[in-house]
>>> print(open('my_file.cif').read())   # mmCIF, C-alpha atoms
data_query
#
loop_
_atom_site.label_atom_id
_atom_site.label_comp_id
_atom_site.auth_asym_id
_atom_site.auth_seq_id
_atom_site.Cartn_x
_atom_site.Cartn_y
_atom_site.Cartn_z
CA MET J 1 -24.40 69.79 19.62
CA VAL J 2 -27.40 71.85 20.68
CA LEU J 3 -27.51 72.48 24.42
CA ALA J 4 -31.02 72.40 25.87
CA SER J 5 -30.39 71.19 29.42
CA GLY J 6 -30.84 74.48 31.28
CA ALA J 7 -34.04 75.73 32.89
CA GLY J 8 -34.17 79.36 31.81
CA THR J 9 -36.07 80.60 34.85
CA ARG J 10 -35.73 84.30 33.96
CA VAL J 11 -38.17 83.91 31.08
CA GLY J 12 -40.87 83.38 33.71
CA ALA J 13 -42.36 80.12 32.42
CA LYS J 14 -42.84 76.81 34.21
CA LEU J 15 -41.72 75.06 31.02
CA ASN J 16 -38.05 74.89 30.02
CA LYS J 17 -37.79 77.99 27.80
CA VAL J 18 -36.33 76.11 24.82
CA TYR J 19 -39.65 74.28 24.44
CA LEU J 20 -41.77 77.45 24.44
CA PRO J 21 -43.54 78.19 21.16
CA VAL J 22 -42.26 80.85 18.78
CA ALA J 23 -43.63 81.35 15.27
CA GLY J 24 -45.29 77.95 15.15
CA LYS J 25 -42.40 75.83 16.48
CA ARG J 26 -40.72 75.25 19.79
CA VAL J 27 -37.64 77.42 20.32
CA VAL J 28 -35.14 74.56 20.06
CA ALA J 29 -36.66 73.32 16.80
CA TRP J 30 -35.45 76.41 14.95
CA SER J 31 -31.80 75.68 15.82
CA LEU J 32 -32.07 72.01 14.90
CA ASP J 33 -33.62 72.93 11.56
CA ALA J 34 -30.79 75.38 10.82
CA PHE J 35 -28.04 72.85 11.62
CA ALA J 36 -29.76 70.15 9.59
CA ARG J 37 -29.50 72.38 6.50
CA VAL J 38 -25.72 72.85 6.67
CA PRO J 39 -23.53 70.63 4.46
CA GLY J 40 -20.75 69.04 6.51
CA ILE J 41 -22.83 68.65 9.67
CA ASP J 42 -23.00 64.86 9.91
CA VAL J 43 -24.03 64.29 13.54
CA LEU J 44 -26.61 66.29 15.48
CA VAL J 45 -26.71 65.88 19.27
CA LEU J 46 -29.41 67.41 21.46
CA VAL J 47 -28.41 67.67 25.12
CA ILE J 48 -31.47 67.63 27.38
CA ARG J 49 -32.68 67.35 30.96
CA PRO J 50 -34.14 63.89 31.69
CA GLN J 51 -37.47 65.44 32.65
CA ASP J 52 -37.74 67.00 29.18
CA THR J 53 -37.44 63.71 27.30
CA GLU J 54 -41.01 63.63 26.01
CA LEU J 55 -40.84 67.24 24.83
CA ALA J 56 -37.55 66.52 23.10
CA ARG J 57 -38.99 63.48 21.34
CA GLU J 58 -41.88 65.59 20.13
CA VAL J 59 -39.44 68.07 18.59
CA LEU J 60 -37.35 65.29 17.06
CA ALA J 61 -40.35 63.87 15.24
CA ALA J 62 -39.42 66.34 12.50
CA HIS J 63 -35.89 64.84 12.35
CA PRO J 64 -36.42 61.05 12.40
CA GLY J 65 -33.13 59.30 13.00
CA GLU J 66 -31.11 62.50 12.52
CA VAL J 67 -30.58 63.62 16.12
CA GLU J 68 -28.99 61.78 19.04
CA LEU J 69 -30.23 62.53 22.58
CA VAL J 70 -27.83 62.93 25.51
CA HIS J 71 -28.71 63.80 29.10
CA GLY J 72 -26.98 66.88 30.43
CA GLY J 73 -25.06 67.35 33.66
CA ALA J 74 -25.37 69.63 36.67
CA THR J 75 -23.63 72.51 34.84
CA ARG J 76 -23.33 73.68 31.26
CA GLN J 77 -19.77 72.41 31.15
CA GLY J 78 -20.88 69.08 32.58
CA SER J 79 -23.54 68.83 29.89
CA GLU J 80 -20.98 69.53 27.18
CA LEU J 81 -18.64 66.92 28.64
CA ASN J 82 -21.44 64.32 28.67
CA ALA J 83 -22.06 64.98 24.99
CA LEU J 84 -18.35 64.84 24.14
CA ARG J 85 -18.02 61.52 25.97
CA HIS J 86 -20.99 60.26 23.96
CA LEU J 87 -18.97 61.09 20.82
CA THR J 88 -15.58 59.90 22.11
CA SER J 89 -15.15 56.82 19.92
CA ARG J 90 -16.01 58.78 16.79
CA ILE J 91 -13.68 61.63 17.79
CA GLU J 92 -10.80 59.24 18.49
CA SER J 93 -11.32 57.44 15.16
CA GLY J 94 -11.32 60.73 13.27
CA GLU J 95 -14.89 60.27 12.09
CA ILE J 96 -15.75 63.54 13.83
CA ASP J 97 -13.11 66.22 13.23
CA ALA J 98 -14.87 69.30 14.58
CA VAL J 99 -17.58 70.03 17.13
CA LEU J 100 -19.90 73.03 17.19
CA LEU J 101 -21.66 73.84 20.46
CA HIS J 102 -24.82 75.92 20.27
CA ASP J 103 -27.20 77.31 22.87
CA ALA J 104 -30.73 76.09 22.12
CA ALA J 105 -32.00 79.44 23.42
CA ARG J 106 -30.62 81.12 20.26
CA PRO J 107 -33.30 80.09 17.73
CA LEU J 108 -32.37 82.67 15.08
CA VAL J 109 -28.99 81.22 14.16
CA THR J 110 -28.69 80.89 10.38
CA PRO J 111 -27.22 78.10 8.27
CA ASP J 112 -24.79 80.65 6.80
CA LEU J 113 -23.40 81.56 10.23
CA ILE J 114 -23.10 77.89 11.19
CA ALA J 115 -21.24 77.18 7.94
CA ASP J 116 -18.87 80.13 8.55
CA VAL J 117 -18.02 78.91 12.06
CA LEU J 118 -17.50 75.36 10.81
CA ALA J 119 -15.20 76.48 7.98
CA ASP J 120 -13.02 78.61 10.28
CA THR J 121 -12.94 75.86 12.90
CA ARG J 122 -11.60 73.37 10.39
CA LEU J 123 -9.09 75.89 9.01
CA HIS J 124 -7.76 77.42 12.22
CA GLY J 125 -8.77 75.10 15.07
CA GLY J 126 -11.43 77.20 16.76
CA ALA J 127 -13.99 79.87 15.92
CA VAL J 128 -16.64 81.86 17.75
CA PRO J 129 -19.20 84.31 16.34
CA GLY J 130 -19.54 87.71 17.91
CA VAL J 131 -20.76 91.26 17.41
CA ALA J 132 -18.85 94.43 18.21
CA ALA J 133 -19.50 95.63 21.77
CA ASP J 134 -19.18 99.38 21.29
CA ASP J 135 -21.05 100.06 24.53
CA ILE J 136 -18.51 98.34 26.84
CA VAL J 137 -16.24 100.71 28.80
CA ARG J 138 -13.32 100.38 31.18
CA VAL J 139 -13.88 101.15 34.86
CA ASP J 140 -11.11 102.20 37.22
CA GLY J 141 -12.60 101.86 40.70
CA ASP J 142 -15.79 103.90 40.45
CA THR J 143 -14.60 106.00 37.50
CA VAL J 144 -15.33 105.31 33.85
CA SER J 145 -12.03 105.50 32.01
CA GLY J 146 -13.09 105.17 28.39
CA ALA J 147 -14.22 102.70 25.78
CA LEU J 148 -12.74 99.20 25.60
CA PRO J 149 -11.54 98.84 22.00
CA GLY J 150 -11.84 95.51 20.27
CA ALA J 151 -14.43 94.02 22.63
CA ILE J 152 -17.09 91.71 21.20
CA ARG J 153 -20.19 90.01 22.54
CA VAL J 154 -19.62 86.31 21.94
CA GLN J 155 -22.47 84.19 20.59
CA THR J 156 -22.91 80.56 19.63
CA PRO J 157 -22.27 78.21 17.91
CA GLN J 158 -18.68 77.99 19.12
CA GLY J 159 -16.57 75.54 17.15
CA PHE J 160 -13.37 73.62 17.95
CA ARG J 161 -11.38 70.74 16.56
CA ALA J 162 -12.85 67.70 18.22
CA ALA J 163 -9.84 65.90 19.73
CA PRO J 164 -8.32 68.97 21.47
CA LEU J 165 -11.79 69.93 22.70
CA LEU J 166 -12.37 66.53 24.29
CA GLU J 167 -8.89 66.56 25.84
CA ALA J 168 -9.40 70.05 27.27
CA TYR J 169 -12.74 69.11 28.83
CA GLU J 170 -11.38 65.94 30.39
CA THR J 171 -8.48 67.97 31.83
CA ALA J 172 -10.87 70.59 33.18
CA GLU J 173 -12.91 67.84 34.83
CA ARG J 174 -9.83 66.36 36.51
CA GLU J 175 -8.73 69.77 37.77
CA GLY J 176 -12.17 70.92 38.87
CA PHE J 177 -12.18 73.95 36.56
CA VAL J 178 -15.53 75.37 35.44
CA GLY J 179 -15.38 78.03 32.72
CA THR J 180 -17.93 80.61 31.70
CA ASP J 181 -18.32 79.07 28.25
CA THR J 182 -16.61 76.66 25.88
CA SER J 183 -14.02 79.15 24.67
CA SER J 184 -12.90 79.97 28.24
CA CYS J 185 -12.22 76.29 28.90
CA MET J 186 -10.28 76.00 25.66
CA GLU J 187 -8.30 79.15 26.40
CA ARG J 188 -7.11 77.60 29.66
CA PHE J 189 -6.39 74.04 28.53
CA SER J 190 -5.62 74.25 24.81
CA ALA J 191 -3.23 76.13 22.55
CA LEU J 192 -5.69 76.19 19.65
CA PRO J 193 -6.11 79.63 18.09
CA VAL J 194 -9.71 80.83 18.20
CA ARG J 195 -10.93 83.03 15.35
CA TRP J 196 -13.67 85.65 15.52
CA VAL J 197 -16.42 85.14 12.94
CA PRO J 198 -18.81 88.09 12.50
CA GLY J 199 -22.07 87.18 14.18
CA SER J 200 -25.45 88.82 13.91
CA ALA J 201 -27.43 91.09 16.20
CA GLU J 202 -30.45 88.94 15.32
CA ASN J 203 -28.77 85.83 16.75
CA LEU J 204 -30.28 86.76 20.09
CA LYS J 205 -30.61 84.60 23.17
CA ILE J 206 -34.06 84.03 24.65
CA THR J 207 -33.65 85.23 28.23
CA TYR J 208 -36.70 87.33 29.07
CA PRO J 209 -40.34 87.16 27.88
CA HIS J 210 -39.95 90.06 25.45
CA ASP J 211 -37.18 88.15 23.64
CA LEU J 212 -39.81 85.67 22.43
CA VAL J 213 -41.78 88.55 20.92
CA VAL J 214 -38.67 89.91 19.18
CA ALA J 215 -37.75 86.46 17.85
CA GLU J 216 -41.25 85.98 16.45
CA GLN J 217 -41.08 89.36 14.72
CA VAL J 218 -37.69 88.57 13.17
CA ILE J 219 -38.90 85.18 11.92
CA GLY J 220 -42.02 86.85 10.56
CA ARG J 221 -39.83 89.15 8.46
CA GLY J 222 -38.25 86.04 6.92
#
>>> encode(input="my_file.cif", output="structure tokens")
Amino acid sequence: MVLASGAGTRVGAKLNKVYLPVAGKRVVAWSLDAFARVPGIDVLVLVIRPQDTELAREVLAAHPGEVELVHGGATRQGSELNALRHLTSRIESGEIDAVLLHDAARPLVTPDLIADVLADTRLHGGAVPGVAADDIVRVDGDTVSGALPGAIRVQTPQGFRAAPLLEAYETAEREGFVGTDTSSCMERFSALPVRWVPGSAENLKITYPHDLVVAEQVIGRG
């Protein structure tokens, strides 16, 4: 599932940032194109805000019949739960065995990275891409106490076996828990091991206006 139901106000545009143009396409279109090229991805779900429906349909014109639209919730976790509930019957039947959740604001994700996350998800139960965070340090009060070894900056897509993911999200909803991302919710409500898949520094998230410029330059380099 590709999550496009945020607003992205820090990018400074009136338009939802995932529909801004970059290298001839809207931001979200790049992610959808990458997922559509990965063998083993059978269902594509785009989670949107209701007010973005027309923009979403414009993007999906390039994927006729391939992408299912779901309206998001008030929070990221609520949006993910809406999408999981949309897939419930197929998860319970075993038709869908794994779910990958991706931030539409990361347009530079590659089919190879998606395939790596999917393979590790199916093998181990959960997988997240990340890059080494060598610049993160420990702080003791107001004193820096050294580097934090083993830290990574987590990216998306994050993948999990479908049935435990749905169960964890329904439990979180009942208990009123809201995590920082998918993996934090799974860490609290599931025993699935989560593997680290090497991500890419180019799998950046569009947050500020200059990120659009960087993304365009990366795409231009092929």
>>> closest_residue(input="my_file.cif", among="J:Val154, J:Val70, J:Leu118, J:Ala83", to="Asp42 (chain J)", atoms="only C-alpha atoms")
J:Leu118
>>> closest_residue(input="my_file.cif", among="J:Ala105, J:Val128, J:Val139, J:Val43", to="Leu20 (chain J)", atoms="all atoms listed in the file")
J:Ala105
>>> closest_residue(input="my_file.cif", among="J:Lys25, J:Arg76, J:His86, J:His124", to="Ala191 (chain J)", atoms="only C-alpha atoms")
J:His124
>>> closest_residue(input="my_file.cif", among="J:Pro164, J:Gly126, J:Pro193, J:Gly72", to="Val45 (chain J)", atoms="only C-alpha atoms")
J:Gly72
>>> resolve_selection(input="my_file.cif", expression="the PyMOL selection byres ((chain J and resi 27-36) around 7)", output="ChimeraX atom specification")
/J:18-22,25-26,37-38,41,59,104-105,107-111
>>> decode(input="my_file.cif", residues="region 107-121 of chain J", atoms="all heavy atoms", output="PDB file, in the first residue's frame")
ATOM      1  N   PRO J 107       9.576   9.101  -3.601  1.00  0.00           N
ATOM      2  CA  PRO J 107       9.374   8.722  -5.010  1.00  0.00           C
ATOM      3  C   PRO J 107      10.542   7.963  -5.626  1.00  0.00           C
ATOM      4  O   PRO J 107      10.399   7.429  -6.725  1.00  0.00           O
ATOM      5  CB  PRO J 107       9.189  10.077  -5.704  1.00  0.00           C
ATOM      6  CG  PRO J 107      10.019  11.017  -4.876  1.00  0.00           C
ATOM      7  CD  PRO J 107       9.827  10.544  -3.458  1.00  0.00           C
ATOM      8  N   LEU J 108      11.695   7.910  -4.951  1.00  0.00           N
ATOM      9  CA  LEU J 108      12.880   7.313  -5.553  1.00  0.00           C
ATOM     10  C   LEU J 108      13.099   5.865  -5.138  1.00  0.00           C
ATOM     11  O   LEU J 108      14.161   5.300  -5.404  1.00  0.00           O
ATOM     12  CB  LEU J 108      14.123   8.146  -5.210  1.00  0.00           C
ATOM     13  CG  LEU J 108      14.063   9.617  -5.639  1.00  0.00           C
ATOM     14  CD1 LEU J 108      15.348  10.331  -5.293  1.00  0.00           C
ATOM     15  CD2 LEU J 108      13.784   9.735  -7.137  1.00  0.00           C
ATOM     16  N   VAL J 109      12.108   5.257  -4.505  1.00  0.00           N
ATOM     17  CA  VAL J 109      12.228   3.841  -4.171  1.00  0.00           C
ATOM     18  C   VAL J 109      12.384   3.041  -5.464  1.00  0.00           C
ATOM     19  O   VAL J 109      11.779   3.368  -6.482  1.00  0.00           O
ATOM     20  CB  VAL J 109      10.999   3.359  -3.368  1.00  0.00           C
ATOM     21  CG1 VAL J 109       9.729   3.392  -4.199  1.00  0.00           C
ATOM     22  CG2 VAL J 109      11.237   1.985  -2.773  1.00  0.00           C
ATOM     23  N   THR J 110      13.213   1.993  -5.404  1.00  0.00           N
ATOM     24  CA  THR J 110      13.481   1.211  -6.609  1.00  0.00           C
ATOM     25  C   THR J 110      12.786  -0.149  -6.540  1.00  0.00           C
ATOM     26  O   THR J 110      12.545  -0.675  -5.453  1.00  0.00           O
ATOM     27  CB  THR J 110      14.989   0.974  -6.778  1.00  0.00           C
ATOM     28  OG1 THR J 110      15.461   0.173  -5.678  1.00  0.00           O
ATOM     29  CG2 THR J 110      15.750   2.290  -6.829  1.00  0.00           C
ATOM     30  N   PRO J 111      12.490  -0.737  -7.693  1.00  0.00           N
ATOM     31  CA  PRO J 111      11.934  -2.092  -7.683  1.00  0.00           C
ATOM     32  C   PRO J 111      12.830  -3.091  -6.962  1.00  0.00           C
ATOM     33  O   PRO J 111      12.333  -4.007  -6.306  1.00  0.00           O
ATOM     34  CB  PRO J 111      11.806  -2.422  -9.174  1.00  0.00           C
ATOM     35  CG  PRO J 111      11.612  -1.086  -9.835  1.00  0.00           C
ATOM     36  CD  PRO J 111      12.498  -0.161  -9.055  1.00  0.00           C
ATOM     37  N   ASP J 112      14.147  -2.931  -7.069  1.00  0.00           N
ATOM     38  CA  ASP J 112      15.063  -3.849  -6.384  1.00  0.00           C
ATOM     39  C   ASP J 112      14.901  -3.773  -4.875  1.00  0.00           C
ATOM     40  O   ASP J 112      14.886  -4.806  -4.189  1.00  0.00           O
ATOM     41  CB  ASP J 112      16.512  -3.540  -6.761  1.00  0.00           C
ATOM     42  CG  ASP J 112      16.869  -4.014  -8.164  1.00  0.00           C
ATOM     43  OD1 ASP J 112      16.102  -4.825  -8.735  1.00  0.00           O
ATOM     44  OD2 ASP J 112      17.909  -3.565  -8.688  1.00  0.00           O
ATOM     45  N   LEU J 113      14.791  -2.563  -4.320  1.00  0.00           N
ATOM     46  CA  LEU J 113      14.614  -2.429  -2.875  1.00  0.00           C
ATOM     47  C   LEU J 113      13.274  -3.017  -2.449  1.00  0.00           C
ATOM     48  O   LEU J 113      13.184  -3.718  -1.423  1.00  0.00           O
ATOM     49  CB  LEU J 113      14.701  -0.959  -2.459  1.00  0.00           C
ATOM     50  CG  LEU J 113      14.482  -0.675  -0.963  1.00  0.00           C
ATOM     51  CD1 LEU J 113      15.453  -1.468  -0.100  1.00  0.00           C
ATOM     52  CD2 LEU J 113      14.596   0.818  -0.671  1.00  0.00           C
ATOM     53  N   ILE J 114      12.228  -2.747  -3.203  1.00  0.00           N
ATOM     54  CA  ILE J 114      10.905  -3.312  -2.892  1.00  0.00           C
ATOM     55  C   ILE J 114      10.974  -4.832  -2.877  1.00  0.00           C
ATOM     56  O   ILE J 114      10.469  -5.489  -1.957  1.00  0.00           O
ATOM     57  CB  ILE J 114       9.860  -2.819  -3.906  1.00  0.00           C
ATOM     58  CG1 ILE J 114       9.676  -1.302  -3.812  1.00  0.00           C
ATOM     59  CG2 ILE J 114       8.521  -3.530  -3.686  1.00  0.00           C
ATOM     60  CD1 ILE J 114       8.908  -0.696  -4.973  1.00  0.00           C
ATOM     61  N   ALA J 115      11.634  -5.415  -3.875  1.00  0.00           N
ATOM     62  CA  ALA J 115      11.747  -6.870  -3.968  1.00  0.00           C
ATOM     63  C   ALA J 115      12.537  -7.431  -2.785  1.00  0.00           C
ATOM     64  O   ALA J 115      12.207  -8.500  -2.261  1.00  0.00           O
ATOM     65  CB  ALA J 115      12.405  -7.260  -5.286  1.00  0.00           C
ATOM     66  N   ASP J 116      13.585  -6.729  -2.359  1.00  0.00           N
ATOM     67  CA  ASP J 116      14.381  -7.183  -1.212  1.00  0.00           C
ATOM     68  C   ASP J 116      13.543  -7.191   0.064  1.00  0.00           C
ATOM     69  O   ASP J 116      13.606  -8.140   0.856  1.00  0.00           O
ATOM     70  CB  ASP J 116      15.597  -6.273  -1.020  1.00  0.00           C
ATOM     71  CG  ASP J 116      16.668  -6.489  -2.084  1.00  0.00           C
ATOM     72  OD1 ASP J 116      16.599  -7.498  -2.810  1.00  0.00           O
ATOM     73  OD2 ASP J 116      17.573  -5.634  -2.188  1.00  0.00           O
ATOM     74  N   VAL J 117      12.769  -6.137   0.274  1.00  0.00           N
ATOM     75  CA  VAL J 117      11.918  -6.061   1.468  1.00  0.00           C
ATOM     76  C   VAL J 117      10.859  -7.162   1.426  1.00  0.00           C
ATOM     77  O   VAL J 117      10.600  -7.829   2.438  1.00  0.00           O
ATOM     78  CB  VAL J 117      11.258  -4.665   1.585  1.00  0.00           C
ATOM     79  CG1 VAL J 117      10.220  -4.658   2.709  1.00  0.00           C
ATOM     80  CG2 VAL J 117      12.315  -3.597   1.838  1.00  0.00           C
ATOM     81  N   LEU J 118      10.260  -7.371   0.267  1.00  0.00           N
ATOM     82  CA  LEU J 118       9.238  -8.404   0.143  1.00  0.00           C
ATOM     83  C   LEU J 118       9.817  -9.787   0.423  1.00  0.00           C
ATOM     84  O   LEU J 118       9.203 -10.588   1.146  1.00  0.00           O
ATOM     85  CB  LEU J 118       8.622  -8.366  -1.260  1.00  0.00           C
ATOM     86  CG  LEU J 118       7.544  -9.413  -1.560  1.00  0.00           C
ATOM     87  CD1 LEU J 118       6.363  -9.283  -0.608  1.00  0.00           C
ATOM     88  CD2 LEU J 118       7.081  -9.290  -3.017  1.00  0.00           C
ATOM     89  N   ALA J 119      10.994 -10.082  -0.114  1.00  0.00           N
ATOM     90  CA  ALA J 119      11.610 -11.398   0.089  1.00  0.00           C
ATOM     91  C   ALA J 119      11.913 -11.642   1.563  1.00  0.00           C
ATOM     92  O   ALA J 119      11.633 -12.728   2.094  1.00  0.00           O
ATOM     93  CB  ALA J 119      12.884 -11.510  -0.745  1.00  0.00           C
ATOM     94  N   ASP J 120      12.481 -10.648   2.255  1.00  0.00           N
ATOM     95  CA  ASP J 120      12.802 -10.822   3.673  1.00  0.00           C
ATOM     96  C   ASP J 120      11.543 -10.876   4.529  1.00  0.00           C
ATOM     97  O   ASP J 120      11.507 -11.564   5.551  1.00  0.00           O
ATOM     98  CB  ASP J 120      13.724  -9.692   4.149  1.00  0.00           C
ATOM     99  CG  ASP J 120      15.189 -10.086   4.048  1.00  0.00           C
ATOM    100  OD1 ASP J 120      15.502 -10.886   3.144  1.00  0.00           O
ATOM    101  OD2 ASP J 120      16.010  -9.612   4.855  1.00  0.00           O
ATOM    102  N   THR J 121      10.512 -10.159   4.119  1.00  0.00           N
ATOM    103  CA  THR J 121       9.238 -10.218   4.843  1.00  0.00           C
ATOM    104  C   THR J 121       8.667 -11.630   4.790  1.00  0.00           C
ATOM    105  O   THR J 121       8.241 -12.186   5.817  1.00  0.00           O
ATOM    106  CB  THR J 121       8.233  -9.221   4.237  1.00  0.00           C
ATOM    107  OG1 THR J 121       8.715  -7.893   4.414  1.00  0.00           O
ATOM    108  CG2 THR J 121       6.863  -9.354   4.894  1.00  0.00           C
TER     109      THR J 121
END
